[in-house]
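Trainee: Dumping the structure here so I can ask a few things about it.
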Amino acid sequence: MQATNTTVDPAEVAKFEAMAAEWWDPNGKFKPLHMLNPCRLDYITTQIAAEFNRDLTEARPFEGLRLLDIGCGGGLLSEPMARLGADVVGADAAGGNLPVARIHAEQSSLEIDYRHTTAEAMAEAGEQFDVVLNMEVVEHVADPLSYMTACQQLLKPGGLHICSTINRNPKSFAVAIIGAEYVMRWLPKGTHEWHKFITPDELFGLIEQSGLTPVDRKGFVFNPISWQWSISDRDLSVNYVTASTKT
Amino acid sequence: MTFDSDILIAGGGLNGPALALALAQAGFDVTVVDARPAPARAGSNFDGRGYALALASKRLLAAIGVWDKVADHAEPMRDIKVSDGRAGEGPSPFFLHFDHTEIEEGPMGFMLEDRFLYRAFLEAMEAEPRITLISGTSVTDQTVDVGGVTTTLSDGGTHLAKLLVGCDGRQTGVGKRAGIKRTGWGYGQTALVCAITHELPHNGVAHQFFMPPGPLAILPLPGNMCSIVWSETDDNAAAIHALSDEDYMAVLRPRFGDFLGEIALTGNRFTYPLSLSVANEFVDERVALVGDAAHGMHPIAGQGLNAGLRDVAALAQVLTEAQQRGEDFASELVLARYQEWRRFDTATLVAATDLTNKLFSNDNPLLRAARDVGMGLVGAVPGLHRTFMREAAGLNGELPKLMR
């Protein structure tokens, strides 16, 4: 199936298809994402639990919630969400990721509805979700506002939208492009284009313009001494995440 | 795929049950396979063995509901006195005195007899519906595949779990079958362990005498009773262990001194050869090692069980956090976090224990002078003193939540 009516940039999609098979190797090309994942999951689970009044110490706390993971890749977020009980649809515009994701979900005894489609196409089809995860996608799309509007349309009233991306400033250029792509070789060269990065204020602007209400923002900070990521209230200078709701 | 339990723990000593309780509390279904029959471990006669539980270990026991069952039998270690001595000469003029009033957390640790601790673990496990205890059975084989780990038991049964944890001691079958190699060396020393009664009250003071053949630890038990851990060269220890009770005490008395009045033997005598044995990896695919299976160390400061309980608290925390975020808790990625956390602490402790022993088990006059000055220095510098005390109490390093 070829996704149509899309703001996805075809050159960007091709890049990720080339990497698909590497998704689940913790020491492979996606090591940085695997390292960041606990932090992303801590933020996501905490926000969902707070918004929908769920207890994370219970088994399958997200039972009954319909969740969309946009740009699901190999399923690094879809699988944990399904394990916590959510009814998960994983969407990716790069079809090459999906076989990897499907095989891995089956090996993990998880039922996840992986689809080769885009946020815009799903919004047009009238799909509705309690939670939309929009993690590290917006910096890759051709038209951020139309993309964000589709995310808004995909939410039920009272729904939660979580969006993470990379800030645009000299530090993020040094860290996310020079550091991650050229020095550490964490990501293939050309993974990111700095001019597509978005500042938190710009992102809050886009969120509001799409009709959502921003409720929270935090930074994801990498500490090169402890070699670990952590969540920061203040430092949004490179990687950051936001939560917004639909009223 | 239907799992028989989330986690299978091989080994029912002390770390195994502690881990089972911590994990069950977090919602995991756990099976403990213990090679020994339950009644053999639940024997209620005093056998002379005791544990020096650091404060952090006591907190873990409290968090998993075991401390209440043993608190009445535990003797707080209020003070620890460390001195350098030679048999018949008494302690050197410099000695270290750690008084619990110097740290805000209270006593640095507690002495507890083995029989009370294991019985409390058994009771707590019986009361926990998420724990299945299989006694008198051992793990004979293990196979790991994409979906889980299948273990074969000595009774012929098989068991499918997501994770297999080896709490099966330094001879760990779980580690060997996973192909994990070990590094280690002997110290040429053997620990002689017994309990004594004495005339005068010990007032909760633990003593450690560093003597040329090896250290002598005197650890207060309830009443006028102490646990003795006494290290000698292998040959000496074998000779002393072969003596009659009367002759054994005749060897111990001059080392012990007369500060507690008359002393007499009670319970059984034990010997433990001292050696270091550390697993090169603490984890493998769907396998984790805990306690002596990961690091059997010189029990010079009673840190063996305490280090094991620290593994327990760290592993329980890593697995629980992963489970609550929806991660596959048995994945390579998650297990690597446990290994990273514990290997650093272990390396530090092993090095410190090794160095302490090499420095103190020595009659070289220059070294004796150096360590007398060293002890005087530690005693004179308040910050350093506090650091040592917090180390003895197990409060240094990155403390797992269950120990805070």
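Labels for the structure tokens follow display order: chains A, B, ..., residues from 1 in each chain, ligands from 1.
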Residues of chain A within 6 Å of chain B, counting only C-alpha atoms - could you list those as JSON, numbers by chain?

Mentor: {"A": [41, 80, 83, 84]}

Trainee: Using DSSP on the backbone coordinates, identify all residues within segment 20-241 of chain A classified as alpha helix (DSSP H); present the result as JSON, numbers by chain.

Mentor: {"A": [31, 32, 33, 34, 35, 36, 37, 38, 39, 40, 41, 42, 43, 44, 45, 46, 47, 48, 49, 50, 51, 52, 78, 79, 80, 81, 82, 83, 97, 98, 99, 100, 101, 102, 103, 104, 105, 106, 107, 119, 120, 121, 122, 123, 124, 144, 145, 146, 147, 148, 149, 150, 151, 152, 153, 154, 170, 171, 172, 200, 201, 202, 203, 204, 205, 206, 207, 208, 209, 210]}

Trainee: Extract, using only C-alpha atoms, all DNA, RNA and protein residues at most 9 Å from Ala176 of chain A, discarding same-chain residues fewer than 4 positions from it, and format them as JSON, numbers by chain.

Mentor: {"A": [166, 171, 172, 180, 181, 192, 194, 238, 239]}

Trainee: Please save N, CA and C atoms of the selected residues as a CSV table (one decimal), in the first residue's frame.

Mentor:
chain,number,residue,atom,x,y,z
A,166,ILE,N,13.3,17.8,18.7
A,166,ILE,CA,14.6,18.4,19.1
A,166,ILE,C,14.6,19.9,18.9
A,171,LYS,N,23.4,24.8,20.4
A,171,LYS,CA,23.8,23.6,21.2
A,171,LYS,C,23.2,22.3,20.5
A,172,SER,N,21.9,22.4,20.1
A,172,SER,CA,21.3,21.2,19.5
A,172,SER,C,22.0,20.8,18.2
A,180,ALA,N,26.0,13.4,17.6
A,180,ALA,CA,25.3,12.1,17.4
A,180,ALA,C,25.6,11.5,16.1
A,181,GLU,N,25.7,12.3,15.0
A,181,GLU,CA,25.9,11.8,13.7
A,181,GLU,C,27.3,11.7,13.2
A,192,HIS,N,19.1,13.7,10.6
A,192,HIS,CA,18.4,15.0,11.0
A,192,HIS,C,18.9,16.1,10.1
A,194,TRP,N,19.0,20.1,10.6
A,194,TRP,CA,18.9,21.1,11.7
A,194,TRP,C,17.8,22.1,11.5
A,238,VAL,N,18.1,20.6,24.1
A,238,VAL,CA,18.3,19.7,22.9
A,238,VAL,C,17.0,18.8,22.7
A,239,ASN,N,16.9,17.7,23.4
A,239,ASN,CA,15.7,16.9,23.3
A,239,ASN,C,14.7,17.3,24.3

Trainee: List the spatial neighbours of Arg253 of chain B as an MDAnalysis selection string - criterion: any atom at most 12 Å away, only C-alpha atoms, same-chain residues fewer than 3 positions off excluded.

Mentor: chainID B and resid 87:88 90 196 198 216 228 230 246:250 256:265

Trainee: How about saving the chosen residues, N, CA and C atoms kept, as a short mmCIF file (atom, residue, chain, number, x, y, z; two decimals), in the first residue's frame?

Mentor:
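Written file, part-v3.cif:
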data_model
loop_
_atom_site.label_atom_id
_atom_site.label_comp_id
_atom_site.auth_asym_id
_atom_site.auth_seq_id
_atom_site.Cartn_x
_atom_site.Cartn_y
_atom_site.Cartn_z
N ALA B 87 48.60 -11.82 69.22
CA ALA B 87 48.15 -12.67 70.31
C ALA B 87 49.05 -12.46 71.52
N GLY B 88 48.45 -12.20 72.66
CA GLY B 88 49.20 -12.06 73.90
C GLY B 88 49.71 -10.65 74.14
N GLY B 90 47.84 -7.75 73.29
CA GLY B 90 46.75 -6.79 73.43
C GLY B 90 46.72 -5.86 72.24
N ILE B 196 30.30 -18.12 71.35
CA ILE B 196 30.76 -18.30 72.74
C ILE B 196 29.82 -17.57 73.69
N HIS B 198 29.89 -15.53 77.42
CA HIS B 198 30.90 -14.84 78.21
C HIS B 198 30.29 -14.28 79.49
N LEU B 216 40.15 -11.37 63.53
CA LEU B 216 39.25 -12.01 64.47
C LEU B 216 38.09 -11.05 64.70
N ILE B 228 31.80 -15.62 66.75
CA ILE B 228 33.23 -15.41 66.49
C ILE B 228 33.55 -15.83 65.06
N TRP B 230 36.96 -16.13 62.90
CA TRP B 230 38.36 -16.09 63.25
C TRP B 230 39.13 -16.70 62.10
N GLU B 246 37.92 -28.26 74.18
CA GLU B 246 38.71 -27.68 75.27
C GLU B 246 40.00 -27.05 74.72
N ASP B 247 40.70 -27.82 73.87
CA ASP B 247 41.96 -27.31 73.30
C ASP B 247 41.70 -26.16 72.34
N TYR B 248 40.58 -26.22 71.62
CA TYR B 248 40.17 -25.15 70.69
C TYR B 248 40.05 -23.84 71.47
N MET B 249 39.36 -23.91 72.61
CA MET B 249 39.19 -22.71 73.43
C MET B 249 40.52 -22.22 73.99
N ALA B 250 41.42 -23.18 74.26
CA ALA B 250 42.74 -22.80 74.79
C ALA B 250 43.51 -21.98 73.74
N PHE B 256 41.49 -13.78 72.03
CA PHE B 256 40.28 -13.06 72.41
C PHE B 256 40.56 -12.04 73.51
N GLY B 257 41.42 -12.45 74.46
CA GLY B 257 41.68 -11.57 75.61
C GLY B 257 40.65 -11.82 76.70
N ASP B 258 40.71 -11.01 77.75
CA ASP B 258 39.83 -11.28 78.90
C ASP B 258 38.83 -10.15 79.16
N PHE B 259 38.61 -9.29 78.15
CA PHE B 259 37.77 -8.10 78.40
C PHE B 259 36.30 -8.45 78.65
N LEU B 260 35.88 -9.68 78.32
CA LEU B 260 34.49 -10.08 78.61
C LEU B 260 34.47 -11.15 79.70
N GLY B 261 35.56 -11.29 80.44
CA GLY B 261 35.64 -12.28 81.51
C GLY B 261 35.83 -13.68 80.95
N GLU B 262 35.33 -14.67 81.70
CA GLU B 262 35.46 -16.07 81.27
C GLU B 262 34.64 -16.31 80.00
N ILE B 263 35.19 -17.09 79.06
CA ILE B 263 34.43 -17.42 77.85
C ILE B 263 34.29 -18.94 77.70
N ALA B 264 33.19 -19.38 77.10
CA ALA B 264 32.96 -20.82 76.88
C ALA B 264 32.29 -21.04 75.53
N LEU B 265 32.58 -22.19 74.92
CA LEU B 265 32.02 -22.53 73.61
C LEU B 265 30.55 -22.92 73.72
#

Trainee: Please list as a list in words every residue within 9 Å of Cys226 of chain B, counting only C-alpha atoms and excluding residues in the same chain fewer than 6 positions away.

Mentor: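 Within the cut-off, the hits are Cys194, Ala195, Ile196, Thr197, His198, His202, Ala206, Ile218, Leu219 and Pro220 of chain B.
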
Trainee: Please list as number ranges by chain every residue within 9 Å of Leu212 of chain A, counting only C-alpha atoms and excluding residues in the same chain fewer than 3 positions away.

Mentor: A: 149, 152, 161, 206-209, 244-247

Trainee: When you draw a straight line from atom CA of Gly179 of chain A to atom CA of Thr191 of chain A, how long is it in Å?

Mentor: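 Separating atom CA of Gly179 of chain A from atom CA of Thr191 of chain A is a distance of 12.4 Å.
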
Trainee: So that I can check the secondary structure, give me every residue of segment 170-237 of chain A assigned strand (DSSP E or B) by backbone DSSP, as JSON, numbers by chain.

Mentor: {"A": [213, 214, 215, 216, 217, 218, 219, 220, 221, 222, 223, 228, 229, 230, 231, 232]}

Trainee: Deliver the residues from the most recent selection as a file, using N, CA and C atoms, as a compact mmCIF listing (two decimals), in the first residue's frame.

Mentor:
# COMPACT_ATOMS: atom_id res chain seq x y z
N THR A 213 -4.55 21.87 23.75
CA THR A 213 -4.12 22.70 24.86
C THR A 213 -2.85 22.14 25.47
N PRO A 214 -1.71 22.87 25.37
CA PRO A 214 -0.47 22.37 25.97
C PRO A 214 -0.60 22.32 27.49
N VAL A 215 -0.16 21.22 28.11
CA VAL A 215 -0.24 21.12 29.58
C VAL A 215 1.11 20.91 30.25
N ASP A 216 2.11 20.43 29.52
CA ASP A 216 3.39 20.15 30.20
C ASP A 216 4.52 20.13 29.18
N ARG A 217 5.73 20.49 29.62
CA ARG A 217 6.94 20.29 28.80
C ARG A 217 8.12 19.98 29.70
N LYS A 218 8.95 19.04 29.22
CA LYS A 218 10.13 18.61 29.99
C LYS A 218 11.27 18.36 29.00
N GLY A 219 12.52 18.38 29.56
CA GLY A 219 13.67 18.05 28.72
C GLY A 219 14.11 16.62 28.93
N PHE A 220 14.69 16.04 27.89
CA PHE A 220 15.42 14.77 28.03
C PHE A 220 16.89 15.12 27.93
N VAL A 221 17.64 14.86 29.01
CA VAL A 221 19.02 15.32 29.05
C VAL A 221 19.97 14.13 29.15
N PHE A 222 20.99 14.13 28.29
CA PHE A 222 21.98 13.06 28.33
C PHE A 222 23.17 13.51 29.17
N ASN A 223 23.52 12.66 30.16
CA ASN A 223 24.69 12.96 30.98
C ASN A 223 25.86 12.11 30.51
N GLN A 228 23.83 8.27 30.89
CA GLN A 228 22.41 7.98 31.03
C GLN A 228 21.58 9.21 30.69
N TRP A 229 20.34 8.95 30.25
CA TRP A 229 19.39 10.01 30.02
C TRP A 229 18.56 10.24 31.27
N SER A 230 18.13 11.47 31.50
CA SER A 230 17.18 11.73 32.58
C SER A 230 16.22 12.82 32.15
N ILE A 231 15.11 12.93 32.91
CA ILE A 231 14.09 13.94 32.60
C ILE A 231 14.42 15.20 33.38
N SER A 232 14.39 16.35 32.72
CA SER A 232 14.70 17.61 33.40
C SER A 232 13.52 18.58 33.29

Trainee: A:Ala243, A:Met122, A:Ile112, A:Leu203: which is nearest Ala82 of chain A, counting only C-alpha atoms?

Mentor: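 Looking at the shortest contact to Ala82 of chain A, the residue is A:Ile112.
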
Trainee: Considering only C-alpha atoms, return as a list of chain:residue names whatever protein or nucleic-acid residues lie within 6 Å of segment 270-286 of chain B, sequence-local ones (same chain, fewer than 2 positions apart) excluded.

Mentor: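 Listing them by chain and then by number gives B:Leu163, B:Lys181, B:Arg182, B:Thr183, B:Gly184, B:Trp185, B:Gly186, B:Tyr187, B:Gln189, B:Thr190, B:Ala191, B:Leu192, B:Val193, B:Ala288, B:Leu289, B:Ala294, B:His295, B:Gly296, B:Met297, B:His298, B:Ala330, B:Gln339.
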
Trainee: Store the residues picked out above, limited to C-alpha atoms, as an mmCIF file, in the first residue's frame.

Mentor:
data_model
loop_
_atom_site.group_PDB
_atom_site.id
_atom_site.type_symbol
_atom_site.label_atom_id
_atom_site.label_comp_id
_atom_site.auth_asym_id
_atom_site.auth_seq_id
_atom_site.Cartn_x
_atom_site.Cartn_y
_atom_site.Cartn_z
ATOM 1 C CA LEU B 163 13.741 -15.029 33.527
ATOM 2 C CA LYS B 181 33.330 -17.779 33.402
ATOM 3 C CA ARG B 182 34.712 -16.720 36.764
ATOM 4 C CA THR B 183 37.800 -14.994 38.084
ATOM 5 C CA GLY B 184 39.159 -15.659 41.550
ATOM 6 C CA TRP B 185 41.915 -16.632 43.873
ATOM 7 C CA GLY B 186 42.357 -18.157 47.308
ATOM 8 C CA TYR B 187 43.724 -16.280 50.300
ATOM 9 C CA GLN B 189 43.192 -18.595 54.918
ATOM 10 C CA THR B 190 40.275 -20.392 56.484
ATOM 11 C CA ALA B 191 37.627 -18.832 58.711
ATOM 12 C CA LEU B 192 36.825 -20.643 61.936
ATOM 13 C CA VAL B 193 33.300 -19.817 63.037
ATOM 14 C CA ALA B 288 20.850 -13.069 36.081
ATOM 15 C CA LEU B 289 23.204 -14.001 38.933
ATOM 16 C CA ALA B 294 27.852 -13.270 41.103
ATOM 17 C CA HIS B 295 30.585 -12.517 43.647
ATOM 18 C CA GLY B 296 31.808 -14.776 46.420
ATOM 19 C CA MET B 297 34.092 -12.622 48.495
ATOM 20 C CA HIS B 298 36.307 -12.708 51.502
ATOM 21 C CA ALA B 330 13.917 -10.101 30.893
ATOM 22 C CA GLN B 339 24.861 -5.699 35.732
#
